[in-house]
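A.B. asks: So I've got this file, start-v4.txt, and it contains compact mmCIF, C-alpha atoms:
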```
# COMPACT_ATOMS: atom_id res chain seq x y z
CA MET A 1 -95.29 9.79 -25.93
CA ASP A 2 -98.24 7.44 -25.35
CA LYS A 3 -97.76 4.15 -23.59
CA ILE A 4 -98.41 1.09 -25.70
CA GLN A 5 -100.64 -1.28 -23.77
CA ALA A 6 -100.64 -5.01 -24.33
CA MET A 7 -103.90 -6.11 -25.91
CA GLU A 8 -105.91 -8.31 -23.57
CA THR A 9 -106.79 -11.64 -25.17
CA ILE A 10 -109.76 -13.84 -24.28
CA THR A 11 -109.83 -17.56 -25.12
CA ILE A 12 -113.05 -19.56 -25.18
CA ALA A 13 -114.06 -23.05 -26.25
CA TYR A 14 -116.16 -23.75 -29.31
CA ASN A 15 -118.15 -26.87 -30.16
CA LYS A 16 -118.14 -26.86 -33.96
CA ILE A 17 -117.09 -24.89 -37.02
CA ILE A 18 -120.33 -24.04 -38.85
CA SER A 19 -118.80 -22.37 -41.91
CA GLU A 20 -115.56 -20.80 -43.03
CA SER A 21 -114.48 -18.40 -45.77
CA SER A 22 -111.30 -16.49 -46.53
CA ARG A 23 -112.50 -13.56 -44.38
CA SER A 24 -114.69 -15.05 -41.64
CA ILE A 25 -115.48 -18.12 -39.61
CA THR A 26 -118.78 -19.04 -37.97
CA LEU A 27 -118.51 -21.08 -34.78
CA ASN A 28 -120.96 -22.76 -32.43
CA CYS A 29 -119.74 -21.51 -29.05
CA GLU A 30 -121.70 -23.54 -26.50
CA GLY A 31 -125.01 -22.93 -28.26
CA ASP A 32 -124.29 -19.42 -29.56
CA VAL A 33 -123.63 -19.29 -33.34
CA VAL A 34 -121.13 -16.47 -33.80
CA LEU A 35 -119.43 -15.00 -36.88
CA PHE A 36 -115.80 -13.92 -36.32
CA PRO A 37 -113.46 -12.06 -38.66
CA ILE A 38 -110.47 -14.34 -39.43
CA SER A 39 -108.10 -11.38 -39.13
CA GLN A 40 -108.99 -10.87 -35.46
CA VAL A 41 -108.99 -14.41 -34.06
CA LYS A 42 -106.60 -17.29 -33.52
CA LEU A 43 -108.15 -20.72 -33.85
CA ASP A 44 -106.82 -23.85 -32.14
CA ARG A 45 -108.52 -26.62 -34.10
CA ILE A 46 -107.01 -29.40 -31.96
CA GLU A 47 -108.21 -28.09 -28.57
CA LYS A 48 -111.30 -26.42 -30.11
CA LYS A 49 -110.52 -22.98 -28.70
CA VAL A 50 -110.67 -19.52 -30.21
CA SER A 51 -108.67 -16.52 -28.93
CA MET A 52 -109.69 -12.93 -29.60
CA PRO A 53 -109.10 -9.39 -28.34
CA ALA A 54 -111.20 -8.44 -25.31
CA TRP A 55 -113.02 -5.75 -27.32
CA LEU A 56 -114.22 -8.37 -29.82
CA PHE A 57 -115.36 -10.72 -27.04
CA LYS A 58 -117.37 -7.88 -25.46
CA SER A 59 -118.91 -7.11 -28.86
CA LYS A 60 -119.88 -10.73 -29.65
CA PHE A 61 -120.94 -11.73 -26.12
CA PRO A 62 -122.43 -8.60 -24.49
CA GLY A 63 -123.16 -9.02 -20.80
CA GLU A 64 -120.81 -12.00 -20.38
CA PRO A 65 -118.08 -11.56 -17.75
CA ILE A 66 -114.49 -11.59 -18.93
```
Could I get this structure in the form of structure tokens?
C.D. replies:
Amino acid sequence: MDKIQAMETITIAYNKIISESSRSITLNCEGDVVLFPISQVKLDRIEKKVSMPAWLFKSKFPGEPI
């Protein structure tokens, strides 16, 4: 039986919501305009933070340390 590993989550700040649809949200993340799939992120609109799986962070921000 395979071990089930907890998915690592990364949380970053965003400056502004650029656009939003039923399937995606585009955020200004400290100067980077990034499109995220709604199904993969958790948005905290009060604290202006977005949480995502580590694999998605690595995909959207290549070269950035985790």
A.B. asks: Neighbours of Val34 (chain A) within 12 Å (only C-alpha atoms; same-chain residues fewer than 5 positions away dropped), as a PyMOL selection string?
C.D. replies: chain A and resi 14-20+24-29+50+56-57+59-61
A.B. asks: At what distance in Å, to one decimal, does CA of Pro62 (chain A) lie from CA of Glu47 (chain A)?
C.D. replies: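 If I compute the distance from CA of Glu47 (chain A) to CA of Pro62 (chain A), I get 24.5 Å.
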A.B. asks: Please report the interatomic distance between CA of Asp44 (chain A) and CA of Met7 (chain A) in Å with one decimal.
C.D. replies: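 Answer for the CA of Asp44 (chain A) to CA of Met7 (chain A) separation: 19.0 Å.
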A.B. asks: Please return, as a list in words, all polymer residues that have at least one atom within 12 Å of the point (-116.2, -8.8, -23.1); use all atoms listed in the file and the file's own coordinate frame.
C.D. replies: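 Checked against the point, the hits come out as Glu8, Thr9, Ile10, Thr11, Ile12, Met52, Pro53, Ala54, Trp55, Leu56, Phe57, Lys58, Ser59, Lys60, Phe61, Pro62, Gly63, Glu64, Pro65 and Ile66 of chain A.
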A.B. asks: Report, in Å with one decimal, the straight-line distance from CA of Gly31 (chain A) to CA of Ala13 (chain A).
C.D. replies: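 Value for the CA of Gly31 (chain A)-CA of Ala13 (chain A) distance: 11.1 Å.
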A.B. asks: Kindly compute an axis-aligned box around the listed atoms of region 5-18 of chain A, allowing 5 Å on each side, and express its centre and edge lengths in Å to one decimal as AutoDock Vina command-line options.
C.D. replies:
```
--center_x -110.5 --center_y -14.1 --center_z -31.2 --size_x 29.7 --size_y 35.6 --size_z 25.3
```
A.B. asks: Can you tell me which residues surround Ser22 (chain A) at a distance of at most 10 Å, considering only C-alpha atoms, apart from same-chain residues fewer than 3 positions away, and format the answer as a list in words?
C.D. replies: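 Using only C-alpha atoms, the neighbours found are Ile25, Pro37, Ile38 and Ser39 of chain A.
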A.B. asks: Since the input lacks some atoms of region 38-59 of chain A, please model N, CA, C and O atoms and print them as a PDB file, in the frame of the given file.
C.D. replies:
```
ATOM      1  N   ILE A  38    -111.703 -13.536 -39.500  1.00  0.00           N
ATOM      2  CA  ILE A  38    -110.470 -14.340 -39.430  1.00  0.00           C
ATOM      3  C   ILE A  38    -109.277 -13.487 -38.997  1.00  0.00           C
ATOM      4  O   ILE A  38    -108.422 -13.963 -38.263  1.00  0.00           O
ATOM      5  N   SER A  39    -109.238 -12.241 -39.429  1.00  0.00           N
ATOM      6  CA  SER A  39    -108.100 -11.380 -39.130  1.00  0.00           C
ATOM      7  C   SER A  39    -107.965 -11.034 -37.655  1.00  0.00           C
ATOM      8  O   SER A  39    -106.910 -10.582 -37.219  1.00  0.00           O
ATOM      9  N   GLN A  40    -109.015 -11.265 -36.866  1.00  0.00           N
ATOM     10  CA  GLN A  40    -108.990 -10.870 -35.460  1.00  0.00           C
ATOM     11  C   GLN A  40    -108.922 -12.036 -34.480  1.00  0.00           C
ATOM     12  O   GLN A  40    -108.821 -11.815 -33.268  1.00  0.00           O
ATOM     13  N   VAL A  41    -108.968 -13.267 -34.968  1.00  0.00           N
ATOM     14  CA  VAL A  41    -108.990 -14.410 -34.060  1.00  0.00           C
ATOM     15  C   VAL A  41    -107.870 -15.401 -34.369  1.00  0.00           C
ATOM     16  O   VAL A  41    -107.321 -15.425 -35.473  1.00  0.00           O
ATOM     17  N   LYS A  42    -107.553 -16.185 -33.354  1.00  0.00           N
ATOM     18  CA  LYS A  42    -106.600 -17.290 -33.520  1.00  0.00           C
ATOM     19  C   LYS A  42    -107.349 -18.548 -33.130  1.00  0.00           C
ATOM     20  O   LYS A  42    -107.888 -18.650 -32.032  1.00  0.00           O
ATOM     21  N   LEU A  43    -107.390 -19.499 -34.038  1.00  0.00           N
ATOM     22  CA  LEU A  43    -108.150 -20.720 -33.850  1.00  0.00           C
ATOM     23  C   LEU A  43    -107.227 -21.889 -33.534  1.00  0.00           C
ATOM     24  O   LEU A  43    -106.243 -22.111 -34.230  1.00  0.00           O
ATOM     25  N   ASP A  44    -107.536 -22.616 -32.473  1.00  0.00           N
ATOM     26  CA  ASP A  44    -106.820 -23.850 -32.140  1.00  0.00           C
ATOM     27  C   ASP A  44    -107.783 -24.989 -32.459  1.00  0.00           C
ATOM     28  O   ASP A  44    -108.689 -25.290 -31.685  1.00  0.00           O
ATOM     29  N   ARG A  45    -107.601 -25.581 -33.628  1.00  0.00           N
ATOM     30  CA  ARG A  45    -108.520 -26.620 -34.100  1.00  0.00           C
ATOM     31  C   ARG A  45    -108.364 -27.931 -33.319  1.00  0.00           C
ATOM     32  O   ARG A  45    -109.292 -28.723 -33.277  1.00  0.00           O
ATOM     33  N   ILE A  46    -107.231 -28.171 -32.717  1.00  0.00           N
ATOM     34  CA  ILE A  46    -107.010 -29.400 -31.960  1.00  0.00           C
ATOM     35  C   ILE A  46    -107.738 -29.337 -30.613  1.00  0.00           C
ATOM     36  O   ILE A  46    -108.455 -30.261 -30.233  1.00  0.00           O
ATOM     37  N   GLU A  47    -107.570 -28.236 -29.886  1.00  0.00           N
ATOM     38  CA  GLU A  47    -108.210 -28.090 -28.570  1.00  0.00           C
ATOM     39  C   GLU A  47    -109.589 -27.444 -28.653  1.00  0.00           C
ATOM     40  O   GLU A  47    -110.245 -27.264 -27.625  1.00  0.00           O
ATOM     41  N   LYS A  48    -110.006 -27.079 -29.869  1.00  0.00           N
ATOM     42  CA  LYS A  48    -111.300 -26.420 -30.110  1.00  0.00           C
ATOM     43  C   LYS A  48    -111.451 -25.168 -29.236  1.00  0.00           C
ATOM     44  O   LYS A  48    -112.386 -25.034 -28.452  1.00  0.00           O
ATOM     45  N   LYS A  49    -110.488 -24.258 -29.406  1.00  0.00           N
ATOM     46  CA  LYS A  49    -110.520 -22.980 -28.700  1.00  0.00           C
ATOM     47  C   LYS A  49    -110.274 -21.855 -29.692  1.00  0.00           C
ATOM     48  O   LYS A  49    -109.577 -22.028 -30.682  1.00  0.00           O
ATOM     49  N   VAL A  50    -110.860 -20.705 -29.387  1.00  0.00           N
ATOM     50  CA  VAL A  50    -110.670 -19.520 -30.210  1.00  0.00           C
ATOM     51  C   VAL A  50    -110.237 -18.373 -29.282  1.00  0.00           C
ATOM     52  O   VAL A  50    -110.819 -18.170 -28.227  1.00  0.00           O
ATOM     53  N   SER A  51    -109.183 -17.661 -29.690  1.00  0.00           N
ATOM     54  CA  SER A  51    -108.670 -16.520 -28.930  1.00  0.00           C
ATOM     55  C   SER A  51    -108.972 -15.254 -29.706  1.00  0.00           C
ATOM     56  O   SER A  51    -108.875 -15.229 -30.936  1.00  0.00           O
ATOM     57  N   MET A  52    -109.322 -14.196 -28.963  1.00  0.00           N
ATOM     58  CA  MET A  52    -109.690 -12.930 -29.600  1.00  0.00           C
ATOM     59  C   MET A  52    -109.365 -11.772 -28.663  1.00  0.00           C
ATOM     60  O   MET A  52    -109.247 -11.974 -27.448  1.00  0.00           O
ATOM     61  N   PRO A  53    -109.272 -10.560 -29.202  1.00  0.00           N
ATOM     62  CA  PRO A  53    -109.100  -9.390 -28.340  1.00  0.00           C
ATOM     63  C   PRO A  53    -110.329  -9.214 -27.440  1.00  0.00           C
ATOM     64  O   PRO A  53    -111.450  -9.580 -27.821  1.00  0.00           O
ATOM     65  N   ALA A  54    -110.104  -8.649 -26.258  1.00  0.00           N
ATOM     66  CA  ALA A  54    -111.200  -8.440 -25.310  1.00  0.00           C
ATOM     67  C   ALA A  54    -112.320  -7.608 -25.913  1.00  0.00           C
ATOM     68  O   ALA A  54    -113.499  -7.875 -25.662  1.00  0.00           O
ATOM     69  N   TRP A  55    -111.988  -6.608 -26.733  1.00  0.00           N
ATOM     70  CA  TRP A  55    -113.020  -5.750 -27.320  1.00  0.00           C
ATOM     71  C   TRP A  55    -113.954  -6.558 -28.221  1.00  0.00           C
ATOM     72  O   TRP A  55    -115.152  -6.304 -28.273  1.00  0.00           O
ATOM     73  N   LEU A  56    -113.401  -7.548 -28.935  1.00  0.00           N
ATOM     74  CA  LEU A  56    -114.220  -8.370 -29.820  1.00  0.00           C
ATOM     75  C   LEU A  56    -115.111  -9.311 -28.994  1.00  0.00           C
ATOM     76  O   LEU A  56    -116.284  -9.502 -29.313  1.00  0.00           O
ATOM     77  N   PHE A  57    -114.567  -9.872 -27.926  1.00  0.00           N
ATOM     78  CA  PHE A  57    -115.360 -10.720 -27.040  1.00  0.00           C
ATOM     79  C   PHE A  57    -116.549  -9.932 -26.480  1.00  0.00           C
ATOM     80  O   PHE A  57    -117.682 -10.416 -26.491  1.00  0.00           O
ATOM     81  N   LYS A  58    -116.290  -8.716 -26.020  1.00  0.00           N
ATOM     82  CA  LYS A  58    -117.370  -7.880 -25.460  1.00  0.00           C
ATOM     83  C   LYS A  58    -118.429  -7.564 -26.519  1.00  0.00           C
ATOM     84  O   LYS A  58    -119.614  -7.498 -26.216  1.00  0.00           O
ATOM     85  N   SER A  59    -117.998  -7.402 -27.760  1.00  0.00           N
ATOM     86  CA  SER A  59    -118.910  -7.110 -28.860  1.00  0.00           C
ATOM     87  C   SER A  59    -119.781  -8.324 -29.218  1.00  0.00           C
ATOM     88  O   SER A  59    -120.973  -8.199 -29.468  1.00  0.00           O
TER      89      SER A  59
END
```
